[in-house]
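Below is one structure, written out as structure tokens, with a few remarks after it.
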Protein chains: 2
Amino acid sequence: MTVGDLGEFGVVNRITGRLPQGAAVMLGPGDDAAVIGASDGRVVVSTDVLIERRHFRRDWSSGYDVGRKAAAQNLSDVAAMGAVPTAVVVGLGIPADLPLAWLDDLTDGFRDECAVVGASVAGGDVTKCDLVVIGVTALGDLRGRAPVKRSGARPGQVVAVAGRLGYAAAGWALLESGVPIGPVLEEAVAAHRRPAPPYAMGPEAAELGASAMLDVSDGLLQDLGHIAEASGVRVELDPRAFTVGEPVAVAAKELGADPLEWVLTGGEDHALAAVFPPDVRLPPSWQVVGRVVEGEGVVVHGREIGRRGWDHFR
Amino acid sequence: MTVGDLGEFGVVNRITGRLPQGAAVMLGPGDDAAVIGASDGRVVVSTDVLIERRHFRRDWSSGYDVGRKAAAQNLSDVAAMGAVPTAVVVGLGIPADLPLAWLDDLTDGFRDECAVVGASVAGGDVTKCDLVVIGVTALGDLRGRAPVKRSGARPGQVVAVAGRLGYAAAGWALLESGVPIGPVLEEAVAAHRRPAPPYAMGPEAAELGASAMLDVSDGLLQDLGHIAEASGVRVELDPRAFTVGEPVAVAAKELGADPLEWVLTGGEDHALAAVFPPDVRLPPSWQVVGRVVEGEGVVVHGREIGRRGWDHFR
């Protein structure tokens with residue numbers, strides 16, 4: 001059975017029937033708009049658009065994985081402000097011949113990724129398109145805290161990361177190479193299909209006094225470049241400070257690649273990178289990888305790695 | 001010059017450079033997420049996705065018109081809850097060979113339509129896509145009022161509309177027919193290219209005691225069907241109560257069409273339809289066109305017009 005068999009309203013009912021609504025949702029799907037709680041009189045909002053064959057491939061990722069990934073990258077943006085995600089709304093373009101099972105999987109992926117942070121899919125829109133197109137907007141609640149912006153880094157502070165780095169890049173390289181995927185490598189491939197952002201570390205960093213933060217979506221060097229630029233500082237990274245995950249190391253060996261390059265320039269893991277006061281005591285979820293100094297740009301000590309990453313028009 | 005010449009970050013800077021930020025925007029473009037005021041501890045949110053060749057054609061509509069239309073249809077959804085729009089975020093998929101001038105026009109269209117209601121484009125995302133794809137999410141502030149839902153219609157109440165009906169449908173029919181467009185008809189064509197929703201009538205209706213409301217996006221009969229279904233009532237319309245606009249009447253004569261059919265089933269004008277208590281005193285911006293009775297569905301007295309409208313998978 002396909003989406004076209006069901007028609008627009010059948011599709012909408014099918015989707016909303018699979019979506020429980022959480023406490024922050026004061027009015028859920030089915031009206032002109034949803035109403036979401038914004039307890040401190042502000043709402044954090046982030047949006048992304050994902051296009052089939054550019055951001056995902058239906059032959060590489062299930063509908064479920066695409067849903068989790070699409071939700072994750074926006075929920076992660078909200079967490080990177082130091083906020084707790086509350087709700088997601090989704091604009092969907094889908095072909096009439098899309099199997100209904102794929103749409104169900106996509107819906108369930110959105111639902112389950114939102115559930116990780118206690119958020120809900122509170123509304124959306126469905127239309128026909130030759131490609132699968134997914135517009136995702138996530139909302140969040142700062143709970144009285146100031147937003148942690150990109151512009152708050154100051155010389156003398158330390159740079160730390162939380163979450164995985166290089167996993168998704170290794171997974172993508174493995175899929176593209178066509179090599180057989182063993183048990184250890186499977187973790188990298190899974191990371192490409194479905195990131196696992198360290199959501200709770202966002203509000204945690206805000207509580208710990210982070211003065212700048214972002215989520216690593218285009219590669220650590222490029223994204224830290226945004227903090228350096230917005231703050232008018234230089235970020236110096238110590239390449240020895242990074243732990244290279246086992247799947248990344250094994251994949252690099254298998255493919256003859258440099259694992260640190262994946263760690264430093266691979267996007268899509270949605271790790272968090274934050275800048276803290278020099279005397280901060282960080283829990284083990286955060287790993288100090290560098291420091292902020294006067295100047296500009298991002299440098300990696302002893303390595304010739306420029307600011308590289310993902311440009312969506314390259 | 002094209003979008004591809006500028007690259008992702010050049011495009012983002014180009015767009016954000018054209019966008020002033022209003023009072024509700026506490027943190028605008030340039031970070032992981034924006035922060036928008038939600039003065040009463042709630043936020044209204046609505047999202048849509050527009051696909052080139054399905055919702056607009058670049059040979060029929062300028063970038064400016066597409067921007068105004070894309071913003072309008074979401075701002076109108078917010079107004080239809082009785083809320084005042086505060087901000088819009090936009091996820092954009094665009095081809096690398098898209099002329100920069102078209103993107104500038106699109107941006108200006110978004111900016112100007114938001115300005116009509118005092119809202120701002122507070123954030124977004126840009127990526128490459130073979131088609132122009134626009135995901136729009138609008139936020140709004142209820143300012144302490146209850147949201148006006150679709151489910152609040154009760155027998156004995158009156159049904160009224162504000163704004164234009166049938167104009168966009170007439171304009172579309174004129175464009176498709178290829179007939180020469182004279183001065184009167186130009187207004188219908190302009191309405192297809194760029195709706196002019198009666199935004200202020202949304203909060204006004206809430207203040208006047210509207211118990212159900214929606215914006216007419218798929219056709220009045222179909223959309224009132226949503227109110228009938230959500231409220232468990234029947235809506236009876238009096239066809240003589242509708243004023244047919246001059247451009248609609250002239251276009252119908254020109255094309256041998258039934259103007260009332262455009263009024264009752266044409267979408268995209270984003271008029272507001274609301275249900276009020278029987279004793280309400282409505283200002284002239286609202287026109288009473290029917291009443292709520294027990295039963296189900298939508299009927300038009302003395303006419304054989306079924307529930308028709310736009311199905312996005314038909």
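Ligands are numbered from 1 in the order shown, chains are lettered A, B, ... in the order of the structure tokens, and residues start at 1 in each chain.
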**OP:** At a cut-off of 6 Å, list the chain A residues touching chain B, using only C-alpha atoms, as a PyMOL selection string.
**Re:** chain A and resi 4+7-8+32-39+41-49+77+91+124-125+127-128+135+311-313
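Excluding Leu103 in chain B itself and any same-chain residue fewer than 4 positions from it, the protein and nucleic acid residues within 9 Å of it, counting only C-alpha atoms, are Val3, Val11, Ile15, Gly63, Tyr64, Ile94, Leu98, Pro99, Thr107 and Asp108 of chain B.
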Original post:
Among range 110-242 of chain A, which ones does DSSP place in strand (DSSP E or B), written as a PyMOL selection string?
Top reply: chain A and resi 120-128+133-141+158-162+212-216+234-237
Okay, now the selection with C-alpha atoms, as a short mmCIF file (atom, residue, chain, number, x, y, z; two decimals), in the first residue's frame?
```
data_model
loop_
_atom_site.label_atom_id
_atom_site.label_comp_id
_atom_site.auth_asym_id
_atom_site.auth_seq_id
_atom_site.Cartn_x
_atom_site.Cartn_y
_atom_site.Cartn_z
CA SER A 120 6.74 15.23 20.90
CA VAL A 121 5.92 15.65 17.23
CA ALA A 122 3.17 18.23 17.72
CA GLY A 123 2.24 19.14 14.16
CA GLY A 124 3.13 19.08 10.51
CA ASP A 125 2.19 19.27 6.89
CA VAL A 126 2.19 16.67 4.11
CA THR A 127 2.39 17.29 0.39
CA LYS A 128 3.38 15.45 -2.75
CA VAL A 133 11.80 16.20 1.51
CA ILE A 134 11.69 16.72 5.27
CA GLY A 135 11.48 20.15 6.91
CA VAL A 136 12.01 19.82 10.64
CA THR A 137 11.58 22.53 13.24
CA ALA A 138 12.40 21.88 16.88
CA LEU A 139 11.34 24.02 19.83
CA GLY A 140 12.87 24.16 23.28
CA ASP A 141 12.68 25.67 26.71
CA VAL A 158 39.02 25.79 27.76
CA VAL A 159 37.37 23.96 24.88
CA ALA A 160 35.66 20.65 25.56
CA VAL A 161 33.56 18.16 23.61
CA ALA A 162 30.82 15.73 24.61
CA ALA A 212 29.83 29.37 24.12
CA MET A 213 28.48 26.17 22.62
CA LEU A 214 27.33 24.57 19.38
CA ASP A 215 26.53 21.19 18.01
CA VAL A 216 29.05 19.66 15.64
CA ARG A 234 41.44 31.69 18.20
CA VAL A 235 40.78 28.08 19.16
CA GLU A 236 43.84 25.85 19.66
CA LEU A 237 43.26 22.11 19.71
#
```
Original post:
Skipping near chain neighbours, those fewer than 4 positions away, what residues fall within 7 Å of Ala169 in chain A using only C-alpha atoms, listed as JSON, numbers by chain?
Top reply: {"A": [173, 192, 262, 266, 267]}
**OP:** Name all residues at most 8 Å from Glu187 in chain B (count only C-alpha atoms; drop same-chain ones fewer than 3 positions away) and give them as an NGL selection string.
**Re:** :B and (167 or 171 or 183-184 or 190-191 or 247)
Expected file: the selected residues, C-alpha atoms, as a PDB file, in the first residue's frame:
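again.pdb written:
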```pdb
ATOM      1  CA  TYR B 167      -9.716  35.359  -6.040  1.00  0.00           C
ATOM      2  CA  GLY B 171      -6.327  33.925 -10.940  1.00  0.00           C
ATOM      3  CA  PRO B 183      -6.896  45.521 -15.423  1.00  0.00           C
ATOM      4  CA  VAL B 184      -9.772  43.981 -13.403  1.00  0.00           C
ATOM      5  CA  ALA B 190      -2.149  39.041  -8.245  1.00  0.00           C
ATOM      6  CA  ALA B 191      -4.202  37.233  -5.587  1.00  0.00           C
ATOM      7  CA  PRO B 247     -12.444  40.238 -10.460  1.00  0.00           C
TER       8      PRO B 247
END
```
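Comparing A:Leu165, A:Ala196, A:Asp105, A:Ala251 by their smallest distance to Gln287 in chain A, the closest is A:Leu165 (using only C-alpha atoms).
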**OP:** Skip Asp65 in chain A itself and residues of its chain fewer than 5 positions away, then list as a ChimeraX atom specification all residues within 8 Å of it, counting only C-alpha atoms.
**Re:** /A:106,109,193-194
The selected residues should be written to file as a PDB file, in the first residue's frame (atoms: N, CA, C and O atoms).
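Full text of result.pdb as output:
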```
ATOM      1  N   LEU A 106       9.237   6.129   9.250  1.00  0.00           N
ATOM      2  CA  LEU A 106       9.728   7.499   9.420  1.00  0.00           C
ATOM      3  C   LEU A 106       9.067   8.148  10.645  1.00  0.00           C
ATOM      4  O   LEU A 106       9.730   8.753  11.499  1.00  0.00           O
ATOM      5  N   GLY A 109      10.364   6.745  13.783  1.00  0.00           N
ATOM      6  CA  GLY A 109      11.712   7.248  14.060  1.00  0.00           C
ATOM      7  C   GLY A 109      11.659   8.630  14.692  1.00  0.00           C
ATOM      8  O   GLY A 109      12.355   8.907  15.685  1.00  0.00           O
ATOM      9  N   ARG A 193      23.873   6.219  10.141  1.00  0.00           N
ATOM     10  CA  ARG A 193      22.429   6.105   9.900  1.00  0.00           C
ATOM     11  C   ARG A 193      21.627   6.846  10.953  1.00  0.00           C
ATOM     12  O   ARG A 193      20.562   7.376  10.684  1.00  0.00           O
ATOM     13  N   ARG A 194      22.149   6.864  12.171  1.00  0.00           N
ATOM     14  CA  ARG A 194      21.360   7.365  13.281  1.00  0.00           C
ATOM     15  C   ARG A 194      22.269   7.937  14.362  1.00  0.00           C
ATOM     16  O   ARG A 194      22.842   7.200  15.139  1.00  0.00           O
TER      17      ARG A 194
END
```
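Atom pair CA of Val179 in chain B / CA of Ser61 in chain B has a distance of 17.0 Å (rounded to one decimal).
Comparing the minimum interatomic distances between Gly219 in chain A and each of A:Gly22, A:Gly166, A:Gly118, A:Pro85, counting only C-alpha atoms, we find that A:Gly166 sits nearest.
Of note, CA of Ser211 in chain A and CA of Ala146 in chain A are spaced 9.8 Å apart.
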Original post:
Per DSSP on the backbone, what are the alpha helix (DSSP H) residues of range 151-267 of chain A, as a ChimeraX atom specification?
Top reply: /A:167-177,183-193,201-207,220-231,246-255,259-265
**OP:** To one decimal in Å, tell me the separation between CA of Arg14 in chain B and CA of Ala119 in chain B.
**Re:** 19.7 Å
